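A short write-up of the structure that comes next.
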Amino acid sequence: PNYDLTLVDGTLQIQPAPVTVTAVDETLVYGATTPTWGMVCAGLRNDDTALTSPPICSSTATPTSPVGVYDITLSGGSDPNYTLTLVNGQATIVPAVLSISANNLSRFYGGPNPPLTLSFAGLLNGDSANDINVLPTATCLADTISGVGDYPISLLGGEDDNYILVRNSGVLSVMPAPLTCTADDKERTYGGTNPAWTLHYSGFVNNEDIAALDIIPVASCEATHASAVGPHAITIQPGAASDYQLIYIDGELIVRPAPVVCRAEDQLRSYGQG
């Protein structure tokens, strides 16, 4: 009642709301395919679910990138209702698992160890053994005098920036060395006494001799003094040895004809007799 009112309109200015767009951090295994880089928006209003023109999300990390941390960057993007603040993320590439195995090997007793070799499962990006920073060292305690049996091949050390190394032991199998046992050939005359049966060996290692055998082979022959002229087999009763595989070769006894002197008897007669 005490005032005469004059009404003057004003203006409500709606300004863009602040929105923070953050690149989603990612952890990738070395050699893995890079994902579609993601982002999250904080501050959207009025049930908005996306920006009219979202930023572009990219990274220098690729499947061939070595282990390390790489930026995930945001660029561009706009929306008439929002002021965008872009926050970069990180792509962390972690080592892949690489299985390295000592190959199983074998050799004969008394021989040198063969070269100890490795096999790989899990190499990526065209990597080879030559690309590993430090290869594990294969070792085996077996030597030339190690008896028949299995001996572990162990892997020691090794490292690489892009791989977690899993080391798998192998086995060196020492097998019995081949040892040839041969019955010596003999001969005698018919009706005579058999000679002593003897053997000779080929294949002893480590300067060993028949003392290394657990059971020494024995040669024998069924021929008697009455056996006929001709060949007779000299056979071998098998022996045994922990570190040798015995191979037997029979011999032969040749019975030759006994010498016989056939003499004409002397005779007497008188001169002129028939």
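Each chain in the structure tokens gets a letter, A, B and so on, in the order shown; residues start at 1 in every chain, and ligands are counted from 1 in the order they appear.
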Can you tell me which residues surround A:Val174 at a distance of at most 6 Å, considering only C-alpha atoms, apart from same-chain residues fewer than 3 positions away, and format the answer as an MDAnalysis selection string?
chainID A and resid 106:109 148:149
How would the residues just chosen look if you wrote them out with N, CA and C atoms as a tab-separated table (two decimals), in the first residue's frame?
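Final file, out.tsv:
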```
chain	number	residue	atom	x	y	z
A	106	SER	N	69.46	-88.68	-23.73
A	106	SER	CA	69.99	-89.98	-23.32
A	106	SER	C	71.37	-90.18	-23.92
A	107	ARG	N	72.12	-91.05	-23.29
A	107	ARG	CA	73.45	-91.43	-23.79
A	107	ARG	C	73.81	-92.78	-23.17
A	108	PHE	N	74.91	-93.36	-23.70
A	108	PHE	CA	75.39	-94.63	-23.16
A	108	PHE	C	76.33	-94.37	-21.97
A	109	TYR	N	76.38	-95.34	-21.09
A	109	TYR	CA	77.32	-95.32	-19.98
A	109	TYR	C	78.74	-95.14	-20.51
A	148	VAL	N	74.29	-96.41	-14.85
A	148	VAL	CA	73.02	-96.42	-15.57
A	148	VAL	C	71.91	-95.89	-14.66
A	149	GLY	N	71.07	-95.02	-15.20
A	149	GLY	CA	69.97	-94.44	-14.43
A	149	GLY	C	69.57	-93.09	-15.00
```
A:Glu159 environment, 8 Å, only C-alpha atoms, sequence neighbours closer than 2 positions dropped, as an MDAnalysis selection string:
chainID A and resid 132:136 157 161 163:165
Choose the residue, out of A:Thr73, A:Asn162, A:Asn88, A:Ser146, that has the smallest atom-to-atom separation from A:Gly122; count only C-alpha atoms.
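Using only C-alpha atoms, A:Gly122 sits closest to A:Asn162.
Each of A:Asp143, A:Ser58, A:Gly31, A:Thr52 was checked against A:Pro95 using only C-alpha atoms; the smallest atom-to-atom distance is that of A:Gly31.
Each of A:Gly191, A:His232, A:Leu5, A:Cys181 was checked against A:Ile216 using only C-alpha atoms; the smallest atom-to-atom distance is that of A:Cys181.
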Just want the 10 Å neighbourhood of A:Leu141, counted on only C-alpha atoms, with same-chain residues fewer than 6 positions away dropped. Output as a VMD selection string.
chain A and resid 113 151 to 154 172
With C-alpha atoms retained, export the selected residues as a short mmCIF file (atom, residue, chain, number, x, y, z; two decimals), in the first residue's frame.
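Ended up saving to selection-v1.cif:
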```cif
data_model
loop_
_atom_site.label_atom_id
_atom_site.label_comp_id
_atom_site.auth_asym_id
_atom_site.auth_seq_id
_atom_site.Cartn_x
_atom_site.Cartn_y
_atom_site.Cartn_z
CA ASN A 113 76.91 -85.79 -22.00
CA TYR A 151 69.76 -87.82 -13.76
CA PRO A 152 67.95 -84.47 -13.51
CA ILE A 153 68.80 -81.66 -15.89
CA SER A 154 68.25 -78.48 -13.89
CA LEU A 172 69.31 -87.36 -18.81
#
```
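Computed from the coordinates, the atom CA of A:Ala50 to atom CA of A:Pro35 distance equals 20.4 Å.
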Measuring between only C-alpha atoms, which one of A:Leu246, A:Ile100, A:Ile234, A:Val94 shows the shortest distance to A:Gly203?
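Nearest candidate to A:Gly203 out of A:Leu246, A:Ile100, A:Ile234, A:Val94: A:Leu246.
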Would you mind writing down, as a PyMOL selection string, each residue of stretch 58-236 of chain A that DSSP on the backbone assigns to helix (DSSP H, G or I)?
chain A and resi 129-131+210-212
Could you write those residues out with all heavy atoms, as a tab-separated table (two decimals), in the first residue's frame?
```tsv
chain	number	residue	atom	x	y	z
A	129	ALA	N	64.52	-67.51	-28.93
A	129	ALA	CA	65.42	-67.66	-27.78
A	129	ALA	C	66.48	-66.57	-27.77
A	129	ALA	O	66.93	-66.14	-26.70
A	129	ALA	CB	66.06	-69.05	-27.80
A	130	ASN	N	66.88	-66.11	-28.95
A	130	ASN	CA	67.91	-65.07	-29.04
A	130	ASN	C	67.45	-63.73	-28.49
A	130	ASN	O	68.27	-62.85	-28.22
A	130	ASN	CB	68.38	-64.90	-30.48
A	130	ASN	CG	69.10	-66.14	-31.01
A	130	ASN	OD1	69.72	-66.86	-30.25
A	130	ASN	ND2	68.99	-66.37	-32.30
A	131	ASP	N	66.12	-63.57	-28.35
A	131	ASP	CA	65.59	-62.31	-27.85
A	131	ASP	C	65.47	-62.27	-26.34
A	131	ASP	O	65.16	-61.22	-25.76
A	131	ASP	CB	64.21	-62.03	-28.48
A	131	ASP	CG	64.30	-61.86	-29.98
A	131	ASP	OD1	65.12	-61.05	-30.43
A	131	ASP	OD2	63.55	-62.55	-30.71
A	210	ILE	N	86.71	-107.11	-17.01
A	210	ILE	CA	85.65	-108.05	-16.59
A	210	ILE	C	85.31	-107.90	-15.11
A	210	ILE	O	84.27	-108.39	-14.66
A	210	ILE	CB	86.04	-109.50	-16.90
A	210	ILE	CG1	87.33	-109.90	-16.17
A	210	ILE	CG2	86.17	-109.71	-18.40
A	210	ILE	CD1	87.66	-111.38	-16.31
A	211	ALA	N	86.15	-107.21	-14.35
A	211	ALA	CA	85.83	-106.98	-12.94
A	211	ALA	C	84.58	-106.11	-12.79
A	211	ALA	O	83.95	-106.09	-11.73
A	211	ALA	CB	87.02	-106.33	-12.22
A	212	ALA	N	84.23	-105.39	-13.86
A	212	ALA	CA	83.04	-104.54	-13.81
A	212	ALA	C	81.76	-105.34	-14.02
A	212	ALA	O	80.66	-104.79	-13.88
A	212	ALA	CB	83.14	-103.44	-14.87
```
Compile the contact shell of A:His225 as a ChimeraX atom specification: residues with an atom at most 9 Å away, counting only C-alpha atoms, same-chain residues fewer than 5 positions apart removed.
/A:189-194
Put those residues in a file: N, CA and C atoms, as a PDB file, in the first residue's frame.
```
ATOM      1  N   THR A 189      92.538-132.051 -32.709  1.00  0.00           N
ATOM      2  CA  THR A 189      92.384-133.240 -33.548  1.00  0.00           C
ATOM      3  C   THR A 189      91.363-134.190 -32.937  1.00  0.00           C
ATOM      4  N   TYR A 190      90.835-134.982 -33.801  1.00  0.00           N
ATOM      5  CA  TYR A 190      89.867-136.006 -33.375  1.00  0.00           C
ATOM      6  C   TYR A 190      90.476-136.877 -32.290  1.00  0.00           C
ATOM      7  N   GLY A 191      89.676-137.101 -31.220  1.00  0.00           N
ATOM      8  CA  GLY A 191      90.131-137.931 -30.111  1.00  0.00           C
ATOM      9  C   GLY A 191      90.934-137.192 -29.082  1.00  0.00           C
ATOM     10  N   GLY A 192      91.239-135.915 -29.361  1.00  0.00           N
ATOM     11  CA  GLY A 192      92.053-135.163 -28.427  1.00  0.00           C
ATOM     12  C   GLY A 192      91.230-134.513 -27.321  1.00  0.00           C
ATOM     13  N   THR A 193      91.933-133.847 -26.460  1.00  0.00           N
ATOM     14  CA  THR A 193      91.283-133.151 -25.338  1.00  0.00           C
ATOM     15  C   THR A 193      90.874-131.746 -25.779  1.00  0.00           C
ATOM     16  N   ASN A 194      89.695-131.330 -25.336  1.00  0.00           N
ATOM     17  CA  ASN A 194      89.247-129.967 -25.652  1.00  0.00           C
ATOM     18  C   ASN A 194      90.196-128.941 -25.054  1.00  0.00           C
TER      19      ASN A 194
END
```
Residue contacts of A:Ile249 (8 Å, only C-alpha atoms) excluding same-chain residues fewer than 6 positions away, as a PyMOL selection string
chain A and resi 180-183+236
Extract the full set of strand (DSSP E or B) residues from stretch 102-187 of chain A according to DSSP on the backbone, and format it as a PyMOL selection string.
chain A and resi 102+105-108+118-121+134+137-140+149-156+159+163-168+170-175+177-183+186-187
Just N, CA and C atoms for this one: save the residues we selected as a CSV table (one decimal), in the first residue's frame.
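Wrote selection_25.csv, looks like this:
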```
chain,number,residue,atom,x,y,z
A,102,ALA,N,64.1,-77.9,-20.0
A,102,ALA,CA,65.3,-78.7,-20.5
A,102,ALA,C,64.8,-79.9,-21.2
A,105,LEU,N,67.2,-86.1,-22.6
A,105,LEU,CA,68.2,-86.6,-23.4
A,105,LEU,C,68.7,-88.0,-22.9
A,106,SER,N,69.5,-88.7,-23.7
A,106,SER,CA,70.0,-90.0,-23.3
A,106,SER,C,71.4,-90.2,-23.9
A,107,ARG,N,72.1,-91.0,-23.3
A,107,ARG,CA,73.4,-91.4,-23.8
A,107,ARG,C,73.8,-92.8,-23.2
A,108,PHE,N,74.9,-93.4,-23.7
A,108,PHE,CA,75.4,-94.6,-23.2
A,108,PHE,C,76.3,-94.4,-22.0
A,118,LEU,N,67.3,-76.5,-24.8
A,118,LEU,CA,66.1,-76.0,-24.2
A,118,LEU,C,65.0,-75.9,-25.2
A,119,SER,N,63.7,-76.0,-24.8
A,119,SER,CA,62.6,-75.7,-25.6
A,119,SER,C,61.7,-74.7,-24.9
A,120,PHE,N,60.9,-74.0,-25.8
A,120,PHE,CA,60.2,-72.8,-25.3
A,120,PHE,C,58.7,-72.9,-25.6
A,121,ALA,N,57.9,-72.5,-24.7
A,121,ALA,CA,56.4,-72.5,-25.0
A,121,ALA,C,55.9,-71.1,-24.4
A,134,VAL,N,68.6,-63.0,-20.7
A,134,VAL,CA,69.5,-63.9,-20.2
A,134,VAL,C,68.8,-65.3,-20.1
A,137,THR,N,70.6,-71.4,-17.5
A,137,THR,CA,71.7,-72.4,-17.8
A,137,THR,C,71.3,-73.8,-17.4
A,138,ALA,N,71.4,-74.7,-18.3
A,138,ALA,CA,71.1,-76.1,-18.1
A,138,ALA,C,72.3,-76.8,-17.5
A,139,THR,N,72.1,-77.6,-16.4
A,139,THR,CA,73.2,-78.3,-15.8
A,139,THR,C,72.8,-79.7,-15.5
A,140,CYS,N,73.7,-80.6,-15.5
A,140,CYS,CA,73.5,-82.0,-15.1
A,140,CYS,C,74.7,-82.6,-14.4
A,149,GLY,N,71.1,-95.0,-15.2
A,149,GLY,CA,70.0,-94.4,-14.4
A,149,GLY,C,69.6,-93.1,-15.0
A,150,ASP,N,68.7,-92.4,-14.3
A,150,ASP,CA,68.2,-91.1,-14.7
A,150,ASP,C,68.7,-90.0,-13.8
A,151,TYR,N,69.2,-88.9,-14.5
A,151,TYR,CA,69.8,-87.8,-13.8
A,151,TYR,C,69.0,-86.5,-14.2
A,152,PRO,N,68.7,-85.7,-13.2
A,152,PRO,CA,68.0,-84.5,-13.5
A,152,PRO,C,68.8,-83.5,-14.3
A,153,ILE,N,68.2,-82.8,-15.2
A,153,ILE,CA,68.8,-81.7,-15.9
A,153,ILE,C,68.1,-80.4,-15.3
A,154,SER,N,68.8,-79.6,-14.6
A,154,SER,CA,68.3,-78.5,-13.9
A,154,SER,C,68.5,-77.2,-14.7
A,155,LEU,N,67.6,-76.2,-14.5
A,155,LEU,CA,67.7,-74.9,-15.1
A,155,LEU,C,68.0,-73.9,-14.0
A,156,LEU,N,69.0,-73.1,-14.2
A,156,LEU,CA,69.3,-72.1,-13.2
A,156,LEU,C,69.4,-70.7,-13.9
A,159,GLU,N,66.6,-64.5,-17.1
A,159,GLU,CA,65.6,-63.4,-16.9
A,159,GLU,C,65.3,-62.7,-18.2
A,163,TYR,N,59.0,-61.3,-20.0
A,163,TYR,CA,58.5,-62.6,-19.6
A,163,TYR,C,58.8,-62.9,-18.2
A,164,ILE,N,57.8,-63.6,-17.6
A,164,ILE,CA,58.1,-64.3,-16.3
A,164,ILE,C,58.5,-65.8,-16.7
A,165,LEU,N,59.7,-66.1,-16.3
A,165,LEU,CA,60.2,-67.4,-16.8
A,165,LEU,C,59.8,-68.5,-15.8
A,166,VAL,N,59.2,-69.6,-16.4
A,166,VAL,CA,58.9,-70.8,-15.6
A,166,VAL,C,59.9,-71.9,-16.1
A,167,ARG,N,60.7,-72.4,-15.2
A,167,ARG,CA,61.8,-73.3,-15.5
A,167,ARG,C,61.3,-74.8,-15.2
A,168,ASN,N,61.4,-75.6,-16.2
A,168,ASN,CA,61.1,-77.0,-16.1
A,168,ASN,C,62.3,-77.9,-16.3
A,170,GLY,N,64.6,-81.3,-16.9
A,170,GLY,CA,64.5,-82.5,-17.8
A,170,GLY,C,65.3,-83.6,-17.2
A,171,VAL,N,65.4,-84.7,-18.0
A,171,VAL,CA,66.1,-85.9,-17.5
A,171,VAL,C,67.1,-86.4,-18.5
A,172,LEU,N,68.3,-86.7,-18.0
A,172,LEU,CA,69.3,-87.4,-18.8
A,172,LEU,C,69.3,-88.8,-18.4
A,173,SER,N,69.0,-89.7,-19.4
A,173,SER,CA,69.0,-91.1,-19.1
A,173,SER,C,70.3,-91.7,-19.6
A,174,VAL,N,71.0,-92.3,-18.6
A,174,VAL,CA,72.3,-93.0,-19.0
A,174,VAL,C,71.9,-94.5,-19.2
A,175,MET,N,72.1,-95.0,-20.4
A,175,MET,CA,71.8,-96.4,-20.8
A,175,MET,C,73.0,-97.3,-20.7
A,177,ALA,N,76.0,-99.4,-21.7
A,177,ALA,CA,76.9,-99.4,-22.9
A,177,ALA,C,76.9,-100.8,-23.6
A,178,PRO,N,76.9,-100.9,-24.9
A,178,PRO,CA,77.0,-102.2,-25.5
A,178,PRO,C,78.4,-102.8,-25.3
A,179,LEU,N,78.4,-104.1,-24.9
A,179,LEU,CA,79.6,-104.8,-24.7
A,179,LEU,C,79.5,-106.1,-25.4
A,180,THR,N,80.4,-106.3,-26.4
A,180,THR,CA,80.4,-107.6,-27.2
A,180,THR,C,81.3,-108.6,-26.5
A,181,CYS,N,80.7,-109.8,-26.3
A,181,CYS,CA,81.5,-110.9,-25.7
A,181,CYS,C,81.5,-112.0,-26.7
A,182,THR,N,82.8,-112.3,-27.2
A,182,THR,CA,83.0,-113.2,-28.3
A,182,THR,C,83.7,-114.5,-27.8
A,183,ALA,N,83.2,-115.6,-28.1
A,183,ALA,CA,83.9,-116.9,-27.8
A,183,ALA,C,85.0,-117.1,-28.8
A,186,LYS,N,88.5,-122.3,-31.6
A,186,LYS,CA,89.5,-123.2,-31.2
A,186,LYS,C,89.5,-124.4,-32.3
A,187,GLU,N,90.6,-125.2,-32.1
A,187,GLU,CA,90.7,-126.4,-33.0
A,187,GLU,C,91.5,-127.4,-32.2
```
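Look at A:Asp214: the protein and nucleic acid residues within 9 Å of it, using only C-alpha atoms and passing over chain neighbours fewer than 5 places away, are Gly239, Ala240, Ala241 and Ser242 of chain A.
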Restrict the selected residues to N, CA, C and O atoms and save them as a tab-separated table (two decimals), in the first residue's frame.
```
chain	number	residue	atom	x	y	z
A	239	GLY	N	76.22	-113.66	-18.94
A	239	GLY	CA	76.58	-113.00	-17.69
A	239	GLY	C	75.61	-111.87	-17.41
A	239	GLY	O	74.52	-111.81	-17.96
A	240	ALA	N	76.03	-110.94	-16.57
A	240	ALA	CA	75.18	-109.79	-16.24
A	240	ALA	C	76.06	-108.63	-15.81
A	240	ALA	O	77.15	-108.82	-15.26
A	241	ALA	N	75.56	-107.42	-16.08
A	241	ALA	CA	76.30	-106.22	-15.69
A	241	ALA	C	75.32	-105.07	-15.57
A	241	ALA	O	74.40	-104.93	-16.38
A	242	SER	N	75.51	-104.25	-14.54
A	242	SER	CA	74.61	-103.12	-14.32
A	242	SER	C	74.76	-102.05	-15.40
A	242	SER	O	73.77	-101.43	-15.80
```
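Minimum distance to A:Gln245 across A:Ser202, A:Gln267, A:Asn2, A:Ser75 (counting only C-alpha atoms) occurs at A:Ser202.
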Find the distance between atom CA of A:Pro54 and atom CA of A:Val29 and write it in Å to one decimal.
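Here the two named atoms are 27.7 Å from each other.
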So how many Å separate atom CA of A:Thr34 and atom CA of A:Ser53, to one decimal?
23.3 Å
Using only C-alpha atoms for the distances, tell me which of A:Leu98, A:Leu12, A:Ile145, A:Ile93 is nearest to A:Ser128.
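Smallest separation from A:Ser128 among the options: A:Leu98.
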Residue contacts of A:Val19 (10 Å, only C-alpha atoms) excluding same-chain residues fewer than 5 positions away, as a PyMOL selection string:
chain A and resi 41-45+51+79+81-86
